[in-house]
Structures are given as C-alpha cells and as structure tokens.
$ cat final_4.pdb   # PDB, C-alpha atoms
MODEL        1
ATOM      1  CA  MET T   8    -148.403  35.609-132.122
ATOM      2  CA  SER T   9    -151.523  37.365-133.477
ATOM      3  CA  GLY T  10    -152.763  34.056-134.874
ATOM      4  CA  TRP T  11    -152.822  32.613-131.353
ATOM      5  CA  ILE T  12    -154.407  35.530-129.509
ATOM      6  CA  GLY T  13    -157.652  33.658-128.828
ATOM      7  CA  GLU T  14    -155.911  30.543-127.516
ATOM      8  CA  VAL T  15    -153.527  32.567-125.328
ATOM      9  CA  ALA T  16    -156.440  34.612-123.955
ATOM     10  CA  ALA T  17    -158.346  31.408-123.155
ATOM     11  CA  LEU T  18    -155.385  29.893-121.312
ATOM     12  CA  LEU T  19    -154.829  33.109-119.358
ATOM     13  CA  THR T  20    -158.527  33.052-118.470
ATOM     14  CA  ALA T  21    -158.095  29.610-116.897
ATOM     15  CA  PHE T  22    -155.178  30.940-114.829
ATOM     16  CA  CYS T  23    -157.293  33.942-113.778
ATOM     17  CA  TRP T  24    -160.142  31.674-112.607
ATOM     18  CA  ALA T  25    -157.702  29.473-110.715
ATOM     19  CA  PHE T  26    -156.004  32.451-109.074
ATOM     20  CA  ASN T  27    -159.155  34.267-108.002
ATOM     21  CA  SER T  28    -160.756  31.067-106.660
ATOM     22  CA  VAL T  29    -157.737  30.672-104.361
ATOM     23  CA  VAL T  30    -157.571  34.285-103.168
ATOM     24  CA  PHE T  31    -161.348  34.471-102.690
ATOM     25  CA  THR T  32    -161.186  31.318-100.585
ATOM     26  CA  LEU T  33    -158.431  32.804 -98.427
ATOM     27  CA  ALA T  34    -160.285  36.116 -98.074
ATOM     28  CA  GLY T  35    -163.583  34.350 -97.400
ATOM     29  CA  ARG T  36    -162.032  32.569 -94.433
ATOM     30  CA  ARG T  37    -161.210  35.974 -92.946
ATOM     31  CA  VAL T  38    -164.307  38.084 -93.713
ATOM     32  CA  GLY T  39    -166.948  35.685 -95.055
ATOM     33  CA  SER T  40    -168.071  34.744 -98.569
ATOM     34  CA  VAL T  41    -170.945  37.286 -98.696
ATOM     35  CA  THR T  42    -168.547  40.166 -98.006
ATOM     36  CA  VAL T  43    -166.071  38.857-100.583
ATOM     37  CA  ASN T  44    -168.784  38.666-103.246
ATOM     38  CA  ALA T  45    -169.834  42.281-102.626
ATOM     39  CA  LEU T  46    -166.404  43.863-102.237
ATOM     40  CA  ARG T  47    -164.884  42.238-105.316
ATOM     41  CA  LEU T  48    -167.651  43.732-107.499
ATOM     42  CA  TRP T  49    -167.403  47.163-105.870
ATOM     43  CA  ILE T  50    -163.667  47.081-106.569
ATOM     44  CA  ALA T  51    -164.112  45.798-110.130
ATOM     45  CA  VAL T  52    -166.563  48.521-111.195
ATOM     46  CA  PRO T  53    -164.094  51.473-111.023
ATOM     47  CA  ALA T  54    -161.476  49.431-112.894
ATOM     48  CA  LEU T  55    -163.951  48.599-115.649
ATOM     49  CA  LEU T  56    -165.168  52.222-115.821
ATOM     50  CA  LEU T  57    -161.593  53.360-116.466
ATOM     51  CA  VAL T  58    -161.061  50.709-119.131
ATOM     52  CA  HIS T  59    -164.325  51.643-120.839
ATOM     53  CA  TRP T  60    -163.508  55.357-120.670
ATOM     54  CA  PHE T  61    -160.062  54.735-122.173
ATOM     55  CA  LEU T  62    -161.411  52.617-125.055
ATOM     56  CA  TYR T  63    -164.695  54.375-125.843
ATOM     57  CA  ALA T  64    -164.225  57.919-124.440
ATOM     58  CA  THR T  65    -167.169  57.449-122.087
ATOM     59  CA  PRO T  66    -167.146  55.830-118.637
ATOM     60  CA  PHE T  67    -170.407  53.929-119.214
ATOM     61  CA  PRO T  68    -172.406  52.808-122.286
ATOM     62  CA  PHE T  69    -175.214  55.299-121.668
ATOM     63  CA  ALA T  70    -176.665  54.779-125.162
ATOM     64  CA  ILE T  71    -177.456  51.111-124.534
ATOM     65  CA  GLU T  72    -180.937  50.029-125.629
ATOM     66  CA  PRO T  73    -183.377  49.276-122.764
ATOM     67  CA  ALA T  74    -183.982  45.678-123.870
ATOM     68  CA  ARG T  75    -180.254  44.966-124.087
ATOM     69  CA  PHE T  76    -179.707  46.556-120.665
ATOM     70  CA  LEU T  77    -182.413  44.338-119.167
ATOM     71  CA  TRP T  78    -180.857  41.166-120.601
ATOM     72  CA  LEU T  79    -177.374  42.094-119.382
ATOM     73  CA  GLY T  80    -178.677  43.322-116.036
ATOM     74  CA  ALA T  81    -180.532  40.041-115.523
ATOM     75  CA  SER T  82    -177.336  38.227-116.454
ATOM     76  CA  GLY T  83    -175.433  40.151-113.796
ATOM     77  CA  LEU T  84    -178.085  39.398-111.190
ATOM     78  CA  VAL T  85    -178.246  35.663-111.844
ATOM     79  CA  GLY T  86    -174.560  35.130-112.619
ATOM     80  CA  PHE T  87    -172.661  37.473-110.303
ATOM     81  CA  VAL T  88    -175.111  37.968-107.424
ATOM     82  CA  ILE T  89    -176.833  34.591-107.077
ATOM     83  CA  GLY T  90    -174.506  32.165-108.852
ATOM     84  CA  ASP T  91    -171.263  33.538-107.467
ATOM     85  CA  ALA T  92    -172.715  33.860-103.951
ATOM     86  CA  MET T  93    -173.299  30.097-103.950
ATOM     87  CA  LEU T  94    -169.938  29.368-105.562
ATOM     88  CA  PHE T  95    -167.978  31.469-103.046
ATOM     89  CA  GLU T  96    -169.684  29.792-100.105
ATOM     90  CA  SER T  97    -168.828  26.413-101.630
ATOM     91  CA  PHE T  98    -165.154  27.497-101.721
ATOM     92  CA  LEU T  99    -165.232  27.637 -97.930
ATOM     93  CA  LEU T 100    -167.120  24.369 -97.498
ATOM     94  CA  ILE T 101    -165.383  22.044 -99.982
ATOM     95  CA  GLY T 102    -162.371  24.019-101.224
ATOM     96  CA  PRO T 103    -161.685  25.743-104.565
ATOM     97  CA  ARG T 104    -160.485  22.599-106.364
ATOM     98  CA  LEU T 105    -163.718  20.651-105.987
ATOM     99  CA  ALA T 106    -165.900  23.754-106.380
ATOM    100  CA  MET T 107    -164.220  24.630-109.677
ATOM    101  CA  LEU T 108    -164.501  21.010-110.819
ATOM    102  CA  LEU T 109    -168.258  21.266-110.310
ATOM    103  CA  ALA T 110    -168.137  24.519-112.297
ATOM    104  CA  LEU T 111    -167.462  22.309-115.326
ATOM    105  CA  LEU T 112    -171.219  21.728-115.186
ATOM    106  CA  VAL T 113    -171.730  25.225-116.659
ATOM    107  CA  PRO T 114    -171.514  24.057-120.314
ATOM    108  CA  VAL T 115    -173.662  21.028-119.439
ATOM    109  CA  PHE T 116    -176.357  23.272-117.966
ATOM    110  CA  GLY T 117    -175.860  25.659-120.883
ATOM    111  CA  ALA T 118    -176.479  22.914-123.445
ATOM    112  CA  ALA T 119    -179.588  21.787-121.555
ATOM    113  CA  LEU T 120    -180.943  25.342-121.344
ATOM    114  CA  ALA T 121    -180.274  25.963-125.049
ATOM    115  CA  TRP T 122    -182.174  22.757-125.833
ATOM    116  CA  ALA T 123    -185.062  23.680-123.545
ATOM    117  CA  PHE T 124    -185.480  27.376-124.357
ATOM    118  CA  LEU T 125    -183.743  28.075-127.670
ATOM    119  CA  GLY T 126    -184.780  24.962-129.550
ATOM    120  CA  GLU T 127    -181.207  23.738-130.084
ATOM    121  CA  THR T 128    -180.943  19.991-130.568
ATOM    122  CA  LEU T 129    -178.670  17.656-128.614
ATOM    123  CA  ARG T 130    -176.984  15.119-130.879
ATOM    124  CA  PRO T 131    -176.024  11.657-129.630
ATOM    125  CA  MET T 132    -172.331  12.622-129.327
ATOM    126  CA  GLU T 133    -173.243  15.685-127.272
ATOM    127  CA  ILE T 134    -175.363  13.560-124.940
ATOM    128  CA  ALA T 135    -172.446  11.141-124.614
ATOM    129  CA  ALA T 136    -170.095  14.059-123.821
ATOM    130  CA  ILE T 137    -172.460  15.283-121.108
ATOM    131  CA  ALA T 138    -172.578  11.770-119.667
ATOM    132  CA  VAL T 139    -168.760  11.597-119.589
ATOM    133  CA  THR T 140    -168.549  14.989-117.845
ATOM    134  CA  LEU T 141    -171.156  14.026-115.276
ATOM    135  CA  GLY T 142    -169.483  10.668-114.729
ATOM    136  CA  GLY T 143    -166.083  12.214-114.076
ATOM    137  CA  ILE T 144    -167.495  14.778-111.664
ATOM    138  CA  ALA T 145    -169.621  12.202-109.847
ATOM    139  CA  TRP T 146    -166.612   9.896-109.497
ATOM    140  CA  VAL T 147    -164.597  12.615-107.771
ATOM    141  CA  VAL T 148    -167.456  13.934-105.627
ATOM    142  CA  ALA T 149    -168.368  10.445-104.402
ATOM    143  CA  GLU T 150    -164.860   9.808-103.050
ATOM    144  CA  LYS T 151    -165.156   9.692 -99.261
ATOM    145  CA  ASN T 152    -161.581   9.455 -98.042
ATOM    146  CA  ALA T 153    -159.668  12.152 -99.883
ATOM    147  CA  GLY T 154    -159.409  15.920-100.079
ATOM    148  CA  ALA T 155    -162.336  17.976 -98.833
ATOM    149  CA  ALA T 156    -164.494  14.897 -98.228
ATOM    150  CA  ALA T 157    -162.115  13.636 -95.562
ATOM    151  CA  ALA T 158    -161.787  17.047 -93.889
ATOM    152  CA  SER T 159    -165.479  18.031 -93.831
ATOM    153  CA  PRO T 160    -168.470  16.601 -91.943
ATOM    154  CA  PRO T 161    -170.911  14.895 -94.381
ATOM    155  CA  ARG T 162    -173.581  17.601 -93.999
ATOM    156  CA  ARG T 163    -171.067  20.413 -94.649
ATOM    157  CA  TYR T 164    -169.597  18.543 -97.609
ATOM    158  CA  GLY T 165    -173.014  17.850 -99.133
ATOM    159  CA  ARG T 166    -174.086  21.471 -98.701
ATOM    160  CA  GLY T 167    -170.894  22.650-100.398
ATOM    161  CA  VAL T 168    -171.457  20.324-103.348
ATOM    162  CA  TRP T 169    -175.044  21.496-103.832
ATOM    163  CA  LEU T 170    -174.016  25.142-103.568
ATOM    164  CA  ALA T 171    -171.341  24.619-106.232
ATOM    165  CA  ILE T 172    -173.905  22.939-108.496
ATOM    166  CA  GLY T 173    -176.269  25.864-107.909
ATOM    167  CA  GLY T 174    -173.460  28.282-108.730
ATOM    168  CA  ALA T 175    -172.817  26.475-112.020
ATOM    169  CA  ALA T 176    -176.521  26.630-112.873
ATOM    170  CA  GLY T 177    -176.557  30.370-112.102
ATOM    171  CA  GLN T 178    -173.556  30.944-114.352
ATOM    172  CA  ALA T 179    -175.208  28.996-117.180
ATOM    173  CA  VAL T 180    -178.414  31.038-116.936
ATOM    174  CA  GLY T 181    -176.337  34.224-116.755
ATOM    175  CA  LEU T 182    -174.474  33.262-119.934
ATOM    176  CA  LEU T 183    -177.771  32.511-121.669
ATOM    177  CA  PHE T 184    -179.013  36.008-120.803
ATOM    178  CA  SER T 185    -175.665  37.503-121.870
ATOM    179  CA  ARG T 186    -176.008  35.828-125.230
ATOM    180  CA  GLN T 187    -179.217  37.767-125.778
ATOM    181  CA  GLY T 188    -177.596  40.992-124.576
ATOM    182  CA  LEU T 189    -174.605  40.578-126.900
ATOM    183  CA  ALA T 190    -176.779  40.002-129.987
ATOM    184  CA  GLY T 191    -175.862  42.144-132.968
ATOM    185  CA  GLY T 192    -172.158  42.399-132.165
ATOM    186  CA  TYR T 193    -172.462  44.517-129.018
ATOM    187  CA  SER T 194    -169.178  45.365-127.280
ATOM    188  CA  ALA T 195    -168.088  42.627-124.894
ATOM    189  CA  ILE T 196    -166.390  45.162-122.606
ATOM    190  CA  SER T 197    -169.495  47.341-122.449
ATOM    191  CA  ALA T 198    -171.584  44.264-121.722
ATOM    192  CA  THR T 199    -169.243  43.226-118.915
ATOM    193  CA  LEU T 200    -169.410  46.696-117.368
ATOM    194  CA  VAL T 201    -173.211  46.656-117.428
ATOM    195  CA  ARG T 202    -173.382  43.178-115.879
ATOM    196  CA  VAL T 203    -170.899  43.979-113.110
ATOM    197  CA  SER T 204    -172.385  47.424-112.384
ATOM    198  CA  VAL T 205    -175.935  46.103-112.038
ATOM    199  CA  ALA T 206    -174.737  43.297-109.760
ATOM    200  CA  ALA T 207    -172.702  45.735-107.630
ATOM    201  CA  VAL T 208    -175.689  48.075-107.196
ATOM    202  CA  ILE T 209    -178.002  45.193-106.259
ATOM    203  CA  LEU T 210    -175.546  43.930-103.639
ATOM    204  CA  ALA T 211    -175.116  47.454-102.219
ATOM    205  CA  LEU T 212    -178.882  47.965-101.955
ATOM    206  CA  ALA T 213    -179.334  44.536-100.373
ATOM    207  CA  ALA T 214    -176.599  45.241 -97.803
ATOM    208  CA  PHE T 215    -178.132  48.639 -97.012
ATOM    209  CA  ALA T 216    -181.627  47.146 -96.602
ATOM    210  CA  ARG T 217    -180.285  44.551 -94.147
ATOM    211  CA  GLY T 218    -178.193  47.083 -92.277
ATOM    212  CA  ALA T 219    -175.018  45.282 -93.328
ATOM    213  CA  LEU T 220    -173.464  47.917 -95.597
ATOM    214  CA  ARG T 221    -171.263  49.346 -92.863
ATOM    215  CA  ARG T 222    -170.087  45.860 -91.917
ATOM    216  CA  ARG T 223    -169.151  45.123 -95.524
ATOM    217  CA  LEU T 224    -167.131  48.328 -95.757
ATOM    218  CA  GLU T 225    -165.460  47.760 -92.387
ATOM    219  CA  ALA T 226    -164.094  44.486 -93.757
ATOM    220  CA  MET T 227    -161.741  46.648 -95.827
ATOM    221  CA  LYS T 228    -159.820  47.340 -92.613
ATOM    222  CA  ASP T 229    -158.531  43.773 -92.865
ATOM    223  CA  ARG T 230    -155.634  44.640 -95.139
ATOM    224  CA  LYS T 231    -154.750  41.080 -96.040
ATOM    225  CA  ALA T 232    -158.332  40.243 -96.988
ATOM    226  CA  LEU T 233    -158.642  43.520 -98.914
ATOM    227  CA  LEU T 234    -155.463  42.756-100.864
ATOM    228  CA  GLU T 235    -156.734  39.263-101.694
ATOM    229  CA  ILE T 236    -160.166  40.530-102.738
ATOM    230  CA  THR T 237    -158.641  43.309-104.862
ATOM    231  CA  ALA T 238    -156.327  40.859-106.614
ATOM    232  CA  GLY T 239    -159.251  38.510-107.224
ATOM    233  CA  ALA T 240    -161.502  41.320-108.459
ATOM    234  CA  LEU T 241    -158.950  42.502-110.998
ATOM    235  CA  THR T 242    -158.325  38.965-112.270
ATOM    236  CA  GLY T 243    -161.962  37.865-112.131
ATOM    237  CA  PRO T 244    -164.832  40.258-112.988
ATOM    238  CA  ALA T 245    -162.396  42.576-114.797
ATOM    239  CA  LEU T 246    -159.458  40.864-116.548
ATOM    240  CA  GLY T 247    -160.785  37.303-116.524
ATOM    241  CA  VAL T 248    -164.171  38.147-118.053
ATOM    242  CA  ILE T 249    -162.589  40.366-120.719
ATOM    243  CA  LEU T 250    -160.024  37.690-121.597
ATOM    244  CA  SER T 251    -162.767  35.070-121.889
ATOM    245  CA  LEU T 252    -164.674  37.254-124.347
ATOM    246  CA  VAL T 253    -161.483  37.941-126.334
ATOM    247  CA  ALA T 254    -160.871  34.190-126.449
ATOM    248  CA  ILE T 255    -164.338  33.465-127.817
ATOM    249  CA  ALA T 256    -163.981  36.277-130.368
ATOM    250  CA  HIS T 257    -160.591  35.104-131.750
ATOM    251  CA  ALA T 258    -160.653  31.317-131.383
ATOM    252  CA  SER T 259    -163.189  28.619-132.087
ATOM    253  CA  ILE T 260    -165.712  28.077-129.315
ATOM    254  CA  GLY T 261    -164.513  24.503-128.842
ATOM    255  CA  VAL T 262    -160.832  25.362-128.429
ATOM    256  CA  ALA T 263    -161.459  28.463-126.301
ATOM    257  CA  SER T 264    -163.923  26.707-123.998
ATOM    258  CA  THR T 265    -161.618  23.723-123.580
ATOM    259  CA  LEU T 266    -158.643  25.873-122.580
ATOM    260  CA  MET T 267    -160.772  27.960-120.226
ATOM    261  CA  SER T 268    -161.994  24.755-118.591
ATOM    262  CA  LEU T 269    -158.477  23.801-117.470
ATOM    263  CA  THR T 270    -158.952  25.572-114.111
ATOM    264  CA  PRO T 271    -159.681  22.394-112.060
ATOM    265  CA  VAL T 272    -156.525  20.803-113.463
ATOM    266  CA  LEU T 273    -154.453  23.872-112.581
ATOM    267  CA  LEU T 274    -155.868  23.744-109.045
ATOM    268  CA  LEU T 275    -154.745  20.169-108.376
ATOM    269  CA  PRO T 276    -151.163  21.092-107.358
ATOM    270  CA  VAL T 277    -152.340  24.323-105.708
ATOM    271  CA  SER T 278    -154.785  22.439-103.486
ATOM    272  CA  HIS T 279    -152.093  19.927-102.540
ATOM    273  CA  PHE T 280    -149.357  22.400-101.625
ATOM    274  CA  LEU T 281    -151.382  25.413-100.399
ATOM    275  CA  PHE T 282    -154.477  23.828 -98.817
ATOM    276  CA  ARG T 283    -152.755  20.562 -97.826
ATOM    277  CA  GLU T 284    -155.354  18.391 -99.566
ATOM    278  CA  ARG T 285    -154.450  14.797-100.324
ATOM    279  CA  ILE T 286    -155.008  14.502-104.072
ATOM    280  CA  SER T 287    -155.722  10.897-104.935
ATOM    281  CA  ALA T 288    -155.229   9.198-108.288
ATOM    282  CA  ARG T 289    -159.014   8.917-108.462
ATOM    283  CA  ALA T 290    -159.376  12.701-108.098
ATOM    284  CA  VAL T 291    -156.895  13.303-110.923
ATOM    285  CA  ALA T 292    -158.511  10.693-113.193
ATOM    286  CA  GLY T 293    -162.026  11.978-112.515
ATOM    287  CA  THR T 294    -160.968  15.578-113.176
ATOM    288  CA  VAL T 295    -159.359  14.605-116.490
ATOM    289  CA  MET T 296    -162.435  12.543-117.403
ATOM    290  CA  ALA T 297    -164.742  15.492-116.706
ATOM    291  CA  LEU T 298    -162.490  17.793-118.734
ATOM    292  CA  LEU T 299    -162.524  15.351-121.669
ATOM    293  CA  GLY T 300    -166.311  15.378-121.533
ATOM    294  CA  VAL T 301    -166.297  19.177-121.815
ATOM    295  CA  VAL T 302    -163.857  18.937-124.748
ATOM    296  CA  LEU T 303    -166.135  16.462-126.527
ATOM    297  CA  LEU T 304    -169.182  18.649-125.833
ATOM    298  CA  PHE T 305    -167.621  21.638-127.564
ATOM    299  CA  LEU T 306    -165.950  19.769-130.423
ATOM    300  CA  THR T 307    -168.888  17.628-131.536
TER
ENDMDL
END
$ encode --input "final_4.pdb" --output "structure tokens"
Amino acid sequence: MSGWIGEVAALLTAFCWAFNSVVFTLAGRRVGSVTVNALRLWIAVPALLLVHWFLYATPFPFAIEPARFLWLGASGLVGFVIGDAMLFESFLLIGPRLAMLLALLVPVFGAALAWAFLGETLRPMEIAAIAVTLGGIAWVVAEKNAGAAAASPPRRYGRGVWLAIGGAAGQAVGLLFSRQGLAGGYSAISATLVRVSVAAVILALAAFARGALRRRLEAMKDRKALLEITAGALTGPALGVILSLVAIAHASIGVASTLMSLTPVLLLPVSHFLFRERISARAVAGTVMALLGVVLLFLT
C-alpha cells in the first residue's frame, strides 16, 4: 500500500473537491457564496492549527522567513479570497459540475504563467494538450439545451462561466506564488496553514470594514448550512489541500494531477441525481476530452 500512497491521496483529493463543491453549493443557496467563503476558512483555521500543533509541537510556524510568508500570504489572498470567491459564486449560477469542469483550466493557466514569468518553454505537444483541454471545455460550455444552460437565463449563465474562469485563473496564480513559498522543501502543512490563516484574517477584516461581520457570524444559526460549510471546510482547505500536497510529494506530477482532475467526472452522476441536471452525451464527451487534455499536458 505504501507504494501507492501518492496515487491514493490524489484520488481522495478528487473526491474531496467533488464533495465540498456540492456542500458549498447547497450552503451557498441558503446563506450566500460570500458567507460560505468566509466561514469555511474560519472553520478550517482551528483544525489546521491543531494538526500543526500535533505534528510540529507548535500551533503556527512562527519561525517562517518574511519573504516566504509574503509569498504564501499572497497565495492565500489570490487563491482562497479572490479565486474561491468567484468559484463559489459560479457554483450558484451554473452548478458545481460545470464550474469544476472550468476549473480544469487551472493547469492551462499555470502553464501559461510559467511560460510568461518563469521562462518555461511550451513544447508542441503541450500546446496541443492545452488546445484539447480548451476544446473539450468550450464544447460543453457552448451547449445551449442541457444542464445549467437550459435552466439559467443567458446573462446569468455567461456570468457564471466567466466567474469560474476567473476562479481558475486565481487558483493558478495562487499556485505559482505557493511554488515560491514552498522553495527549499518547506513543510506543505505549514504552508497550507499560513495560506489559509492569511486568507481568513483578510476576509474577517473585510467583513468588519463593511459592517458585515455580524451577519457572517449570524449565518451560523442556520444549522444545516453550518453543517454543510463545516463538512466542506474539513474536506477542502484542510484535508483536501493536505492530500493534494501528499499526492504531489509521493507520486509523479503527471499521475497525481491527472487523478486530482477527475472531479468533473465524479460530479456527472451527482449533478444528475442530486441537482436534477440533464447530462447529455455531449457533456460527458466534452468532459472526458478536457480531462484527456489535462492528462496530455502533465505527461508530455
């Protein structure tokens, strides 16, 4: 079993992303996506503090270098605060299945950013893989008579698509910053705690400045929403992020990233049975096509 720890962690990560996208959608319908984004981080921080204290005998990595803290803090701001805010709103507008399909753009944006800012080259096969991914996503998004497209007004649908694309871009930039913060073999769990903590503090300060902090906290009185947000927080910013880092540490990047990208496929039956979406053959084929593009991108 130890020889498969990375692959198992990657597959469990995909299940975590699928699960928390569903529960965050359900909670968002009750209390709003902005409240969900804030509460799930405020719930995740204590859990991560306990994990860090148990593993490293200190609740927080106080000895972190300032430059590393800035990189990880910026990653938390762009990824968790900005990127996830757009992604969670897209859950409500176009549903978790389509939003998570558009999240497959993260490695595409990541490859483009690495080419633009880190000097990494894009080989012909990588460009072809990006084209396949974009083609599969575009094929699904352009479908007008199935799933979220049939249930949403055109303006709402278009806004949801653009928000999901923005969320993917935010995640890609956040991962680029994390890469700098993790340089030199820094602890993935410590890095996750820093990212989540900075994001949680920023969201708390923003809510306080707008006079919305009390309203965010009052949302906890909705027990069903609180249960859904708590479950999503523990499987997302906490368990899911840690599992993804374990996967990358113990399996090849290509295999780990491919398995973690299975979330849109896992959401196909969930969207059909839970959200009553009509899943067309085109949606399935386009999702598989986009996933194959991601596989090619990481394996070339």
$ residues_around --input "final_4.pdb" --residues "range 165-170 of chain T" --least-positions-apart "5" --cutoff "8 Å" --atoms "all atoms listed in the file" --output "PyMOL selection string"
chain T and resi 93-94+96-101+106+109+148
$ residues_around --input "final_4.pdb" --residues "Ala238 in chain T" --least-positions-apart "4" --cutoff "8 Å" --atoms "all atoms listed in the file" --output "PDB file with C-alpha atoms, in the coordinates of the input"
ATOM      1  CA  ASN T  27    -159.155  34.267-108.002  1.00  0.00           C
ATOM      2  CA  VAL T  30    -157.571  34.285-103.168  1.00  0.00           C
ATOM      3  CA  LEU T 234    -155.463  42.756-100.864  1.00  0.00           C
ATOM      4  CA  THR T 242    -158.325  38.965-112.270  1.00  0.00           C
TER       5      THR T 242
END
$ atom_distance --input "final_4.pdb" --atom1 "CA of Pro271 in chain T" --atom2 "CA of Leu108 in chain T"
5.2 Å
$ resolve_selection --input "final_4.pdb" --expression "the PyMOL selection byres ((chain T and resi 42) around 10)" --output "list in words"
Ala34, Gly35, Arg37, Val38, Gly39, Ser40, Val41, Val43, Asn44, Ala45, Leu46, Arg47, Ala92, Leu210, Ala214, Ala219, Leu220, Arg222, Arg223, Leu224, Glu225, Ala226, Met227 and Ile236 of chain T
$ residues_around --input "final_4.pdb" --residues "range 249-264 of chain T" --least-positions-apart "5" --cutoff "10 Å" --atoms "all atoms listed in the file" --output "JSON, numbers by chain"
{"T": [9, 10, 11, 12, 13, 14, 15, 16, 17, 18, 19, 20, 21, 23, 55, 114, 194, 195, 196, 197, 198, 199, 200, 242, 243, 244, 269, 301, 302, 303, 304, 305, 306, 307]}
$ atom_distance --input "final_4.pdb" --atom1 "CA of Leu120 in chain T" --atom2 "CA of Arg186 in chain T"
12.2 Å
$ atom_distance --input "final_4.pdb" --atom1 "CA of Leu246 in chain T" --atom2 "CA of Arg75 in chain T"
22.5 Å
$ closest_residue --input "final_4.pdb" --among "T:Val277, T:Ala292, T:Leu233, T:Ile137" --to "Gly117 in chain T" --atoms "only C-alpha atoms"
T:Ile137
$ residues_around --input "final_4.pdb" --residues "Ala288 in chain T" --least-positions-apart "2" --cutoff "12 Å" --atoms "all atoms listed in the file" --output "ChimeraX atom specification"
/T:146-147,150,153-154,275,285-286,290-295
$ residues_around --input "final_4.pdb" --residues "Phe282 in chain T" --least-positions-apart "3" --cutoff "10 Å" --atoms "all atoms listed in the file" --output "ChimeraX atom specification"
/T:29,33,102-104,154-155,276-279,285
$ residues_near_point --input "final_4.pdb" --point "(-176.4, 25.1, -109.7)" --cutoff "10 Å" --atoms "all atoms listed in the file" --output "number ranges by chain"
T: 89-90, 93-94, 109-110, 112-113, 116, 168-180
$ write_last_selection --input "final_4.pdb" --atoms "C-alpha atoms" --output "mmCIF file, in the coordinates of the input"
data_model
loop_
_atom_site.group_PDB
_atom_site.id
_atom_site.type_symbol
_atom_site.label_atom_id
_atom_site.label_comp_id
_atom_site.auth_asym_id
_atom_site.auth_seq_id
_atom_site.Cartn_x
_atom_site.Cartn_y
_atom_site.Cartn_z
ATOM 1 C CA ILE T 89 -176.833 34.591 -107.077
ATOM 2 C CA GLY T 90 -174.506 32.165 -108.852
ATOM 3 C CA MET T 93 -173.299 30.097 -103.950
ATOM 4 C CA LEU T 94 -169.938 29.368 -105.562
ATOM 5 C CA LEU T 109 -168.258 21.266 -110.310
ATOM 6 C CA ALA T 110 -168.137 24.519 -112.297
ATOM 7 C CA LEU T 112 -171.219 21.728 -115.186
ATOM 8 C CA VAL T 113 -171.730 25.225 -116.659
ATOM 9 C CA PHE T 116 -176.357 23.272 -117.966
ATOM 10 C CA VAL T 168 -171.457 20.324 -103.348
ATOM 11 C CA TRP T 169 -175.044 21.496 -103.832
ATOM 12 C CA LEU T 170 -174.016 25.142 -103.568
ATOM 13 C CA ALA T 171 -171.341 24.619 -106.232
ATOM 14 C CA ILE T 172 -173.905 22.939 -108.496
ATOM 15 C CA GLY T 173 -176.269 25.864 -107.909
ATOM 16 C CA GLY T 174 -173.460 28.282 -108.730
ATOM 17 C CA ALA T 175 -172.817 26.475 -112.020
ATOM 18 C CA ALA T 176 -176.521 26.630 -112.873
ATOM 19 C CA GLY T 177 -176.557 30.370 -112.102
ATOM 20 C CA GLN T 178 -173.556 30.944 -114.352
ATOM 21 C CA ALA T 179 -175.208 28.996 -117.180
ATOM 22 C CA VAL T 180 -178.414 31.038 -116.936
#
$ closest_residue --input "final_4.pdb" --among "T:Thr128, T:Ser82, T:Ser28, T:Thr140" --to "Phe95 in chain T" --atoms "all atoms listed in the file"
T:Ser28
$ closest_residue --input "final_4.pdb" --among "T:Ala190, T:Val201, T:Met107, T:Leu274" --to "Val52 in chain T" --atoms "all atoms listed in the file"
T:Val201
$ residues_near_point --input "final_4.pdb" --point "(-161.8, 51.2, -111.7)" --cutoff "12 Å" --atoms "only C-alpha atoms" --output "ChimeraX atom specification"
/T:47-61,66-67,200,203-204,237,240-241,244-246
